[in-house]
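Containing compact mmCIF, C-alpha atoms: query_2.txt.
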# COMPACT_ATOMS: atom_id res chain seq x y z
CA MET A 1453 20.04 -30.40 -78.89
CA PHE A 1454 18.86 -26.93 -77.82
CA HIS A 1455 15.69 -25.50 -79.27
CA ILE A 1456 13.82 -22.21 -79.00
CA LEU A 1457 10.01 -21.83 -79.18
CA PHE A 1458 9.72 -24.46 -81.86
CA TYR A 1459 7.74 -26.24 -84.55
CA CYS A 1460 5.99 -28.93 -82.53
CA ARG A 1461 6.84 -31.81 -84.86
CA PHE A 1462 10.56 -31.36 -84.17
CA LEU A 1463 9.93 -33.57 -81.15
CA ARG A 1464 8.58 -36.35 -83.34
CA ASP A 1465 10.99 -35.86 -86.25
CA LEU A 1466 14.17 -35.56 -84.18
CA CYS A 1467 13.58 -37.70 -81.11
CA TRP A 1468 11.30 -40.67 -81.61
CA ARG A 1469 13.75 -42.78 -83.60
CA THR A 1470 17.09 -41.33 -82.53
CA GLY A 1471 16.76 -40.96 -78.78
CA LEU A 1472 17.85 -37.33 -79.13
CA GLN A 1473 16.80 -35.03 -76.30
CA LEU A 1474 15.53 -31.51 -76.94
CA ILE A 1475 16.47 -29.00 -74.26
CA PRO A 1476 14.29 -25.88 -74.14
CA VAL A 1477 15.75 -22.38 -74.18
CA GLU A 1478 12.97 -20.46 -72.50
CA CYS A 1479 11.60 -17.31 -74.12
CA ASP A 1480 8.55 -15.39 -72.96
CA SER A 1481 6.27 -12.55 -73.95
CA SER A 1482 7.89 -10.08 -71.55
CA ASN A 1483 10.59 -9.43 -74.15
CA ASN A 1484 8.57 -10.47 -77.23
CA PHE A 1485 9.92 -14.03 -77.12
CA LYS A 1486 13.37 -12.74 -78.05
CA ILE A 1487 16.24 -15.23 -77.99
CA THR A 1488 18.76 -13.77 -75.53
CA ARG A 1489 22.34 -14.72 -74.83
CA GLU A 1490 21.43 -15.02 -71.15
CA ALA A 1491 18.71 -17.60 -71.88
CA LEU A 1492 21.09 -19.62 -74.04
CA GLU A 1493 23.82 -19.64 -71.39
CA LYS A 1494 21.34 -20.54 -68.66
CA ALA A 1495 20.07 -23.54 -70.62
CA TYR A 1496 23.58 -24.59 -71.62
CA ASN A 1497 24.96 -24.42 -68.10
CA LYS A 1498 21.95 -26.31 -66.73
CA ALA A 1499 22.54 -29.06 -69.29
CA LYS A 1500 26.20 -29.33 -68.30
CA GLU A 1501 25.23 -29.59 -64.62
CA ASP A 1502 22.91 -32.46 -65.57
CA ASN A 1503 25.74 -34.17 -67.48
CA ILE A 1504 23.98 -33.69 -70.81
CA ASN A 1505 26.27 -33.47 -73.82
CA VAL A 1506 24.81 -30.65 -75.92
CA LYS A 1507 25.49 -31.11 -79.63
CA GLY A 1508 23.74 -28.15 -81.18
CA LEU A 1509 21.10 -25.45 -81.39
CA ILE A 1510 18.12 -25.62 -83.78
CA ILE A 1511 16.06 -22.59 -84.78
CA THR A 1512 13.40 -21.68 -87.33
CA ASN A 1513 13.80 -18.40 -89.19
CA PRO A 1514 11.24 -17.05 -89.95
CA SER A 1515 9.83 -18.40 -86.73
CA ASN A 1516 7.18 -21.07 -86.52
CA PRO A 1517 4.92 -20.34 -84.58
CA LEU A 1518 5.65 -16.62 -84.08
CA GLY A 1519 5.73 -15.63 -87.75
CA THR A 1520 8.66 -13.27 -87.19
CA THR A 1521 12.14 -12.86 -88.66
CA LEU A 1522 15.33 -12.86 -86.59
CA ASP A 1523 17.32 -9.64 -86.74
CA ARG A 1524 21.00 -9.47 -87.60
CA GLU A 1525 22.19 -8.91 -84.05
CA THR A 1526 20.30 -11.91 -82.71
CA LEU A 1527 21.63 -14.15 -85.48
CA LYS A 1528 25.18 -12.94 -84.87
CA SER A 1529 24.73 -13.66 -81.17
CA LEU A 1530 23.65 -17.22 -81.97
CA ILE A 1531 26.60 -17.76 -84.30
CA THR A 1532 29.00 -16.44 -81.68
CA PHE A 1533 27.46 -18.67 -79.03
CA ILE A 1534 27.77 -21.90 -81.04
CA ASN A 1535 31.32 -21.01 -82.07
CA GLU A 1536 32.41 -20.39 -78.48
CA ASN A 1537 30.91 -23.65 -77.30
CA ASN A 1538 31.81 -25.65 -80.42
CA ILE A 1539 28.27 -26.89 -81.02
CA HIS A 1540 26.28 -27.00 -84.25
CA LEU A 1541 23.68 -24.52 -85.47
CA VAL A 1542 20.80 -25.90 -87.56
CA CYS A 1543 18.66 -23.22 -89.20
CA ASP A 1544 15.26 -24.21 -90.57
CA GLU A 1545 14.58 -21.55 -93.22
CA ILE A 1546 11.52 -23.18 -94.78
CA TYR A 1547 9.48 -19.93 -94.59
CA ALA A 1548 12.22 -17.71 -96.04
CA ALA A 1549 10.13 -16.35 -98.94
CA THR A 1550 6.91 -15.80 -96.98
CA VAL A 1551 8.04 -12.47 -95.48
CA PHE A 1552 5.27 -10.03 -96.44
CA SER A 1553 6.28 -6.90 -94.51
CA SER A 1554 9.29 -5.31 -92.86
CA PRO A 1555 11.73 -6.12 -91.40
CA SER A 1556 13.21 -8.02 -94.30
CA TYR A 1557 14.51 -11.56 -94.04
CA VAL A 1558 18.18 -12.30 -93.35
CA SER A 1559 19.61 -15.78 -93.83
CA VAL A 1560 22.29 -17.08 -91.51
CA SER A 1561 24.43 -17.68 -94.61
CA GLU A 1562 24.56 -13.91 -95.14
CA LEU A 1563 25.62 -13.24 -91.57
CA ILE A 1564 28.57 -15.59 -91.85
CA GLN A 1565 30.08 -13.23 -94.39
CA GLU A 1566 29.60 -10.23 -92.09
CA MET A 1567 31.10 -11.69 -88.92
CA ASP A 1568 34.15 -9.77 -87.64
CA GLN A 1569 35.66 -12.71 -85.77
CA PRO A 1570 36.55 -16.05 -87.40
CA CYS A 1571 33.53 -18.30 -87.85
CA LYS A 1572 33.53 -22.11 -87.82
CA LYS A 1573 31.42 -22.61 -90.92
CA ASP A 1574 31.46 -26.38 -90.62
CA LEU A 1575 29.19 -26.01 -87.56
CA ILE A 1576 26.40 -24.29 -89.50
CA HIS A 1577 23.70 -26.09 -91.49
CA ILE A 1578 20.60 -24.80 -93.30
CA ILE A 1579 17.54 -26.89 -94.10
CA TYR A 1580 14.89 -25.86 -96.58
CA SER A 1581 11.99 -27.22 -98.60
CA LEU A 1582 9.69 -26.16 -101.44
CA SER A 1583 6.64 -27.04 -99.32
CA LYS A 1584 5.85 -23.56 -98.00
CA ASP A 1585 7.31 -20.89 -100.28
CA MET A 1586 6.33 -22.63 -103.50
CA GLY A 1587 3.34 -24.57 -102.21
CA PHE A 1588 4.69 -28.05 -103.00
CA PRO A 1589 4.25 -30.05 -99.77
CA GLY A 1590 3.23 -33.21 -101.61
CA PHE A 1591 6.42 -33.32 -103.67
CA ARG A 1592 8.51 -34.02 -100.56
CA VAL A 1593 11.53 -32.11 -101.82
CA GLY A 1594 13.92 -31.08 -99.08
CA ILE A 1595 17.28 -29.34 -99.17
CA VAL A 1596 20.28 -29.44 -96.84
CA TYR A 1597 22.85 -26.67 -97.29
CA SER A 1598 25.89 -27.24 -95.14
CA PHE A 1599 29.47 -26.03 -94.94
CA ASN A 1600 30.44 -29.39 -93.49
CA ASP A 1601 31.55 -32.03 -96.02
CA GLU A 1602 30.83 -34.89 -93.62
CA VAL A 1603 27.24 -33.75 -93.19
CA VAL A 1604 26.77 -33.36 -96.94
CA ASN A 1605 28.24 -36.79 -97.65
CA CYS A 1606 26.05 -38.39 -94.99
CA GLY A 1607 22.97 -36.67 -96.39
CA ARG A 1608 23.85 -37.80 -99.90
CA LYS A 1609 24.03 -41.44 -98.76
CA MET A 1610 20.81 -41.25 -96.77
CA SER A 1611 18.98 -39.66 -99.71
CA SER A 1612 18.98 -43.07 -101.36
CA PHE A 1613 16.11 -43.97 -99.03
CA GLY A 1614 13.97 -41.07 -100.24
CA LEU A 1615 14.90 -40.26 -103.80
CA VAL A 1616 12.95 -37.65 -105.74
CA SER A 1617 11.60 -39.11 -108.97
CA SER A 1618 13.14 -38.14 -112.30
CA GLN A 1619 9.83 -36.66 -113.44
CA THR A 1620 9.61 -34.46 -110.34
CA GLN A 1621 13.22 -33.35 -110.70
CA HIS A 1622 12.66 -32.42 -114.34
CA MET A 1623 9.51 -30.44 -113.57
CA LEU A 1624 11.09 -28.57 -110.66
CA ALA A 1625 14.26 -27.82 -112.61
CA SER A 1626 12.20 -26.35 -115.44
CA MET A 1627 10.13 -24.27 -113.04
CA LEU A 1628 12.98 -22.96 -110.89
CA SER A 1629 15.07 -22.05 -113.93
CA ASP A 1630 12.29 -19.70 -115.03
CA ASP A 1631 13.36 -16.65 -113.03
CA SER A 1632 10.49 -14.53 -114.29
CA PHE A 1633 7.87 -17.04 -113.13
CA VAL A 1634 9.46 -17.56 -109.72
CA ASP A 1635 9.77 -13.81 -109.09
CA LYS A 1636 6.13 -13.19 -110.06
CA PHE A 1637 4.91 -16.17 -108.04
CA LEU A 1638 6.70 -15.11 -104.85
CA ALA A 1639 5.65 -11.48 -105.26
CA GLU A 1640 2.00 -12.48 -105.63
CA SER A 1641 2.29 -14.90 -102.72
CA LYS A 1642 3.62 -12.18 -100.42
CA LYS A 1643 0.87 -9.82 -101.55
CA ARG A 1644 -1.85 -12.35 -100.77
CA LEU A 1645 -0.27 -13.31 -97.43
CA ALA A 1646 -0.20 -9.66 -96.39
CA LYS A 1647 -3.86 -9.23 -97.36
CA ARG A 1648 -5.00 -12.35 -95.52
CA HIS A 1649 -2.89 -11.43 -92.48
CA ASN A 1650 -4.52 -8.00 -92.34
CA ILE A 1651 -8.02 -9.51 -92.57
CA PHE A 1652 -7.34 -11.85 -89.67
CA SER A 1653 -5.66 -9.13 -87.63
CA LYS A 1654 -8.64 -6.79 -87.96
CA VAL A 1655 -11.13 -9.44 -86.87
CA LEU A 1656 -9.01 -10.47 -83.87
CA GLU A 1657 -8.75 -6.80 -82.89
CA GLU A 1658 -12.52 -6.44 -83.35
CA VAL A 1659 -13.21 -9.17 -80.80
CA ASN A 1660 -10.48 -7.96 -78.43
CA ILE A 1661 -8.05 -10.80 -79.04
CA THR A 1662 -4.45 -9.66 -79.03
CA LYS A 1663 -1.90 -11.30 -81.28
CA PHE A 1664 1.85 -11.23 -81.56
CA PRO A 1665 3.05 -8.76 -84.25
CA SER A 1666 4.28 -10.84 -87.18
CA ASN A 1667 5.62 -10.25 -90.68
CA ALA A 1668 6.10 -13.74 -92.15
CA GLY A 1669 4.73 -17.25 -92.32
CA LEU A 1670 1.28 -18.69 -92.90
CA PHE A 1671 -0.07 -18.19 -89.38
CA CYS A 1672 -0.41 -15.82 -86.45
CA TRP A 1673 0.27 -16.26 -82.74
CA MET A 1674 -2.81 -15.19 -80.77
CA ASN A 1675 -3.28 -14.64 -77.07
CA LEU A 1676 -6.36 -16.32 -75.56
CA LYS A 1677 -5.27 -16.05 -71.93
CA SER A 1678 -8.43 -14.12 -71.07
CA LEU A 1679 -10.51 -17.18 -72.04
CA LEU A 1680 -8.70 -19.59 -69.74
CA LYS A 1681 -10.52 -20.75 -66.62
CA GLU A 1682 -7.18 -20.42 -64.84
CA GLN A 1683 -3.67 -19.69 -66.03
CA THR A 1684 -2.47 -23.29 -66.36
CA PHE A 1685 -1.61 -25.60 -69.24
CA GLU A 1686 -4.42 -27.89 -68.19
CA ALA A 1687 -6.83 -25.01 -68.73
CA GLU A 1688 -5.17 -24.32 -72.07
CA MET A 1689 -5.80 -27.91 -73.16
CA MET A 1690 -9.41 -27.63 -72.02
CA LEU A 1691 -9.88 -24.53 -74.14
CA TRP A 1692 -8.13 -26.14 -77.12
CA HIS A 1693 -10.29 -29.24 -76.83
CA MET A 1694 -13.42 -27.11 -76.80
CA ILE A 1695 -12.33 -24.99 -79.80
CA ILE A 1696 -11.69 -28.14 -81.80
CA ASN A 1697 -14.91 -29.96 -80.88
CA GLU A 1698 -17.40 -27.16 -80.18
CA VAL A 1699 -16.27 -24.21 -82.29
CA LYS A 1700 -14.94 -26.46 -85.08
CA LEU A 1701 -11.73 -24.50 -85.62
CA ASN A 1702 -8.41 -26.29 -85.80
CA VAL A 1703 -5.84 -24.23 -83.91
CA SER A 1704 -2.66 -25.34 -82.17
CA PRO A 1705 -2.05 -24.78 -78.42
CA GLY A 1706 1.10 -22.98 -77.37
CA SER A 1707 2.20 -25.85 -75.15
CA SER A 1708 2.74 -28.00 -78.27
CA PHE A 1709 5.35 -25.42 -79.36
CA ASN A 1710 7.05 -25.47 -75.95
CA CYS A 1711 5.65 -22.06 -75.00
CA SER A 1712 6.33 -21.35 -71.33
CA GLU A 1713 3.10 -19.38 -70.89
CA PRO A 1714 -0.39 -20.93 -71.13
CA GLY A 1715 -2.97 -19.28 -73.35
CA TRP A 1716 -1.10 -18.74 -76.62
CA PHE A 1717 -2.42 -20.42 -79.78
CA ARG A 1718 -1.22 -20.62 -83.36
CA VAL A 1719 -3.85 -20.20 -86.07
CA CYS A 1720 -3.13 -20.75 -89.77
CA PHE A 1721 -4.78 -18.41 -92.25
CA ALA A 1722 -3.17 -19.12 -95.62
CA ASN A 1723 -4.26 -22.57 -96.81
CA MET A 1724 -7.93 -21.91 -97.50
CA ASP A 1725 -10.12 -20.05 -99.94
CA ASP A 1726 -11.91 -16.79 -99.19
CA GLU A 1727 -15.21 -18.53 -98.45
CA THR A 1728 -13.60 -20.72 -95.81
CA VAL A 1729 -11.91 -17.67 -94.30
CA GLU A 1730 -15.29 -16.03 -93.82
CA VAL A 1731 -16.62 -19.17 -92.15
CA ALA A 1732 -13.64 -19.23 -89.80
CA LEU A 1733 -13.93 -15.54 -88.94
CA THR A 1734 -17.65 -15.87 -88.29
CA ARG A 1735 -16.96 -18.73 -85.88
CA ILE A 1736 -14.34 -16.62 -84.12
CA ARG A 1737 -16.81 -13.73 -83.75
CA THR A 1738 -19.51 -16.04 -82.48
CA PHE A 1739 -17.15 -17.73 -80.07
CA ILE A 1740 -16.29 -14.45 -78.41
CA GLY A 1741 -19.95 -13.46 -78.40
CA LYS A 1742 -19.77 -10.39 -80.65
CA GLU A 1743 -22.52 -11.33 -83.08
CA THR A 1744 -25.20 -12.34 -80.61
CA LYS A 1745 -27.88 -10.00 -79.32
CA LYS A 1746 -26.87 -10.84 -75.75
CA PRO A 1747 -23.14 -11.44 -75.86
CA GLU A 1748 -22.96 -12.06 -72.13
CA MET A 1749 -25.24 -15.10 -72.55
CA GLN A 1750 -23.03 -16.42 -75.36
CA VAL A 1751 -19.93 -16.04 -73.22
CA LYS A 1752 -21.60 -17.81 -70.30
CA SER A 1753 -22.54 -20.65 -72.64
CA TRP A 1754 -18.91 -21.10 -73.64
CA GLN A 1755 -17.85 -20.85 -70.01
CA ARG A 1756 -20.22 -23.67 -69.10
CA ASN A 1757 -18.64 -25.80 -71.78
CA LEU A 1758 -15.26 -25.08 -70.21
CA GLN A 1759 -16.30 -26.91 -67.06
CA LEU A 1760 -14.77 -30.14 -68.38
CA SER A 1761 -13.03 -32.02 -65.63
CA PHE A 1762 -9.25 -31.85 -65.46
CA SER A 1763 -9.13 -35.62 -65.16
CA SER A 1764 -10.93 -36.16 -68.49
CA ILE A 1765 -8.61 -33.69 -70.21
CA ARG A 1766 -5.55 -35.39 -68.75
CA ARG A 1767 -6.83 -38.71 -70.05
CA PHE A 1768 -7.56 -37.21 -73.48
CA VAL A 1769 -4.08 -35.67 -73.71
CA HIS A 1770 -2.38 -38.88 -72.63
CA GLU A 1771 -4.32 -41.23 -74.89
CA THR A 1772 -4.71 -39.20 -78.09
CA ILE A 1773 -1.97 -36.59 -78.10
CA MET A 1774 1.14 -37.63 -76.23
CA SER A 1775 1.28 -41.14 -77.62
CA PRO A 1776 4.11 -41.50 -80.18
CA HIS A 1777 1.63 -43.37 -82.37
CA MET A 1778 -0.83 -40.49 -82.61
CA MET A 1779 -0.87 -36.98 -84.04
CA SER A 1780 0.30 -34.14 -81.78
CA PRO A 1781 -1.87 -31.17 -80.68
CA HIS A 1782 -0.40 -29.42 -83.71
CA SER A 1783 -2.84 -31.17 -86.02
CA PRO A 1784 -5.68 -33.22 -84.52
CA ILE A 1785 -7.51 -32.81 -87.82
CA PRO A 1786 -4.89 -33.74 -90.44
CA GLN A 1787 -3.97 -31.27 -93.18
CA SER A 1788 -6.57 -28.65 -92.25
CA PRO A 1789 -5.47 -25.77 -89.98
CA LEU A 1790 -8.96 -24.32 -90.18
CA VAL A 1791 -11.98 -26.54 -90.70
CA LYS A 1792 -14.22 -25.78 -93.65
CA ALA A 1793 -17.94 -25.74 -92.97
CA THR A 1794 -19.96 -28.72 -94.13
Rewrite the coordinates I just gave you, this time as structure tokens.
Amino acid sequence: MFHILFYCRFLRDLCWRTGLQLIPVECDSSNNFKITREALEKAYNKAKEDNINVKGLIITNPSNPLGTTLDRETLKSLITFINENNIHLVCDEIYAATVFSSPSYVSVSELIQEMDQPCKKDLIHIIYSLSKDMGFPGFRVGIVYSFNDEVVNCGRKMSSFGLVSSQTQHMLASMLSDDSFVDKFLAESKKRLAKRHNIFSKVLEEVNITKFPSNAGLFCWMNLKSLLKEQTFEAEMMLWHMIINEVKLNVSPGSSFNCSEPGWFRVCFANMDDETVEVALTRIRTFIGKETKKPEMQVKSWQRNLQLSFSSIRRFVHETIMSPHMMSPHSPIPQSPLVKAT
């Protein structure tokens, strides 16, 4: 299965029990992490040379971790690619209603109707959940929308192992049938996401941290390359380890999302109250040394903390992160993308 810069738990969810192999399609910041036809073909041809039978391509739209929406031309290119190679396209659209600024969101289901050439609809599958858009992660309600009857029938049979309770179904049906409520809820959600995004963006700009321009999702993709001791993934893990344990902020390193460049981090900004946001932003300012009287001394202090040995970091990564029995770097502190002060 091909994947682009991806939600880090795909590795756990798709591979640990099935033996499925994820093959990266490399994207980088030089072209704003854009998914190109050239990158797809390069990865596909390399897989064929290695005698790997590629079954499909999986994407998230809006992107996790980038927080961006795929444009029409890119989506059409992906559809054309999977049709030509007769492989499946799985679109994770779980953040579809979190788009808070332009460009607007386009679902792959819309593009199918616009394609000039014939499209093999039975190769296209959409997955969704109420966890993000409606804020119902604990209800564990997922949706598979497929044009393939075999996939739908298989999903229907497997759903017996994870049925949604009658009470939950009744509540959700009542809520979702109230169009006025849903419209108001999503409108308010987008308004608040935009506000929180702007607050975080201004503080990151204030402390000279660049971030990837985003318009969706509950997070932003920030560039901390300037804080790395050297431009390696080992240095990235050192910095991540220090941010978690010293700064007390729970961010996710880019390497856990298969980013090809060290120094990128995903930070969530939406699942906390305003007080916690202020705590987080204060810690960010302090970390960069902007609130101290002698910022150069603060920076040197952090740099001294970065002198952790590579061997200890390797051991930490191996024992607590890469083990299939432990959490990934995505969430070393469960259910809390930014740690509240105690």
Compile a residue-level contact table for stretch 1694-1722 of chain A against stretch 1481-1488 of chain A at a cut-off of 12 Å, reporting for every qualifying residue the shortest atom pair and its distance in Å to one decimal, with only C-alpha atoms counted, rows ordered by chain and ascending number, as JSON lines.
{"residue": "A:Asn1710", "atom": "CA", "partner": "A:Phe1485", "partner_atom": "CA", "distance": 11.9}
{"residue": "A:Cys1711", "atom": "CA", "partner": "A:Phe1485", "partner_atom": "CA", "distance": 9.3}
{"residue": "A:Ser1712", "atom": "CA", "partner": "A:Ser1481", "partner_atom": "CA", "distance": 9.2}
{"residue": "A:Glu1713", "atom": "CA", "partner": "A:Ser1481", "partner_atom": "CA", "distance": 8.1}
{"residue": "A:Pro1714", "atom": "CA", "partner": "A:Ser1481", "partner_atom": "CA", "distance": 11.1}
{"residue": "A:Gly1715", "atom": "CA", "partner": "A:Ser1481", "partner_atom": "CA", "distance": 11.4}
{"residue": "A:Trp1716", "atom": "CA", "partner": "A:Ser1481", "partner_atom": "CA", "distance": 10.0}
Between atom CA of A:Lys1647 and atom CA of A:Ala1722, what is the distance in Å, rounded to a tenth? 10.1 Å
Please list as an MDAnalysis selection string every residue within 9 Å of stretch 1562-1566 of chain A, counting all atoms listed in the file and excluding residues in the same chain fewer than 5 positions away. chainID A and resid 1524 1527:1528 1531 1571 1573
State, in Å with one decimal place, the distance from atom CA of A:Ile1651 to atom CA of A:Ala1732.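 Result for atom CA of A:Ile1651 versus atom CA of A:Ala1732: 11.6 Å, one decimal.
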Compile a residue-level contact table for stretch 1517-1618 of chain A against stretch 1661-1666 of chain A at a cut-off of 7 Å, reporting for every qualifying residue the shortest atom pair and its distance in Å to one decimal, with only C-alpha atoms counted, rows ordered by chain and ascending number, as CSV.
residue,atom,partner,partner_atom,distance
A:Leu1518,CA,A:Ser1666,CA,6.7
A:Gly1519,CA,A:Ser1666,CA,5.0
A:Thr1520,CA,A:Ser1666,CA,5.0
Create the file for the chosen residues now, containing C-alpha atoms and written as a short mmCIF file (atom, residue, chain, number, x, y, z; two decimals), in the frame of the given file.
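For reference, selection.cif as written:
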data_model
loop_
_atom_site.label_atom_id
_atom_site.label_comp_id
_atom_site.auth_asym_id
_atom_site.auth_seq_id
_atom_site.Cartn_x
_atom_site.Cartn_y
_atom_site.Cartn_z
CA LEU A 1518 5.65 -16.62 -84.08
CA GLY A 1519 5.73 -15.63 -87.75
CA THR A 1520 8.66 -13.27 -87.19
#
Point out the residue among A:Glu1478, A:Glu1493, A:Glu1686, A:Asp1631 with the least atom-to-atom distance to A:Leu1530, counting only C-alpha atoms.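 Among the listed residues, the smallest separation from A:Leu1530 belongs to A:Glu1493.
Among A:Asn1723, A:Met1586, A:Cys1467, A:Pro1705, the residue with the shortest atom-to-atom distance to A:Phe1633, counting only C-alpha atoms, is A:Met1586.
Picture a line from atom CA of A:Tyr1547 to atom CA of A:Ser1707; it runs 21.6 Å.
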With distances taken over only C-alpha atoms, which of A:Ala1639, A:Met1674, A:Leu1575, A:Val1596 is nearest to A:Asp1544? A:Val1596
Among A:Asn1605, A:Thr1512, A:Ser1611, A:Ser1641, A:Ile1579 is approached most closely, using all atoms listed in the file, by A:Thr1512
Counting all atoms listed in the file, write as a PyMOL selection string all protein and nucleic acid residues lying at most 12 Å from (-8.6, -15.8, -100.3) in the file's frame. chain A and resi 1641+1643-1652+1721-1731
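Across A:Val1477, A:Asn1505, A:Gly1669, A:Pro1517, the tightest approach to A:Ser1553 is made by A:Gly1669 when counting all atoms listed in the file.
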Taking all atoms listed in the file into account, name the residue in A:Glu1698, A:Glu1525, A:Asp1585, A:Glu1536 that is nearest to A:Glu1640.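 Looking at the shortest contact to A:Glu1640, the residue is A:Asp1585.
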Write out as a CSV table (one decimal) with C-alpha atoms, in the coordinates of the input each polymer residue whose atoms come within 8 Å of A:Ile1546, counting all atoms listed in the file; drop sequence neighbours fewer than 5 positions from it.
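Written output follows (out-v1.csv):
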chain,number,residue,atom,x,y,z
A,1512,THR,CA,13.4,-21.7,-87.3
A,1513,ASN,CA,13.8,-18.4,-89.2
A,1514,PRO,CA,11.2,-17.0,-90.0
A,1579,ILE,CA,17.5,-26.9,-94.1
A,1580,TYR,CA,14.9,-25.9,-96.6
A,1581,SER,CA,12.0,-27.2,-98.6
A,1582,LEU,CA,9.7,-26.2,-101.4
A,1583,SER,CA,6.6,-27.0,-99.3
A,1584,LYS,CA,5.8,-23.6,-98.0
A,1585,ASP,CA,7.3,-20.9,-100.3
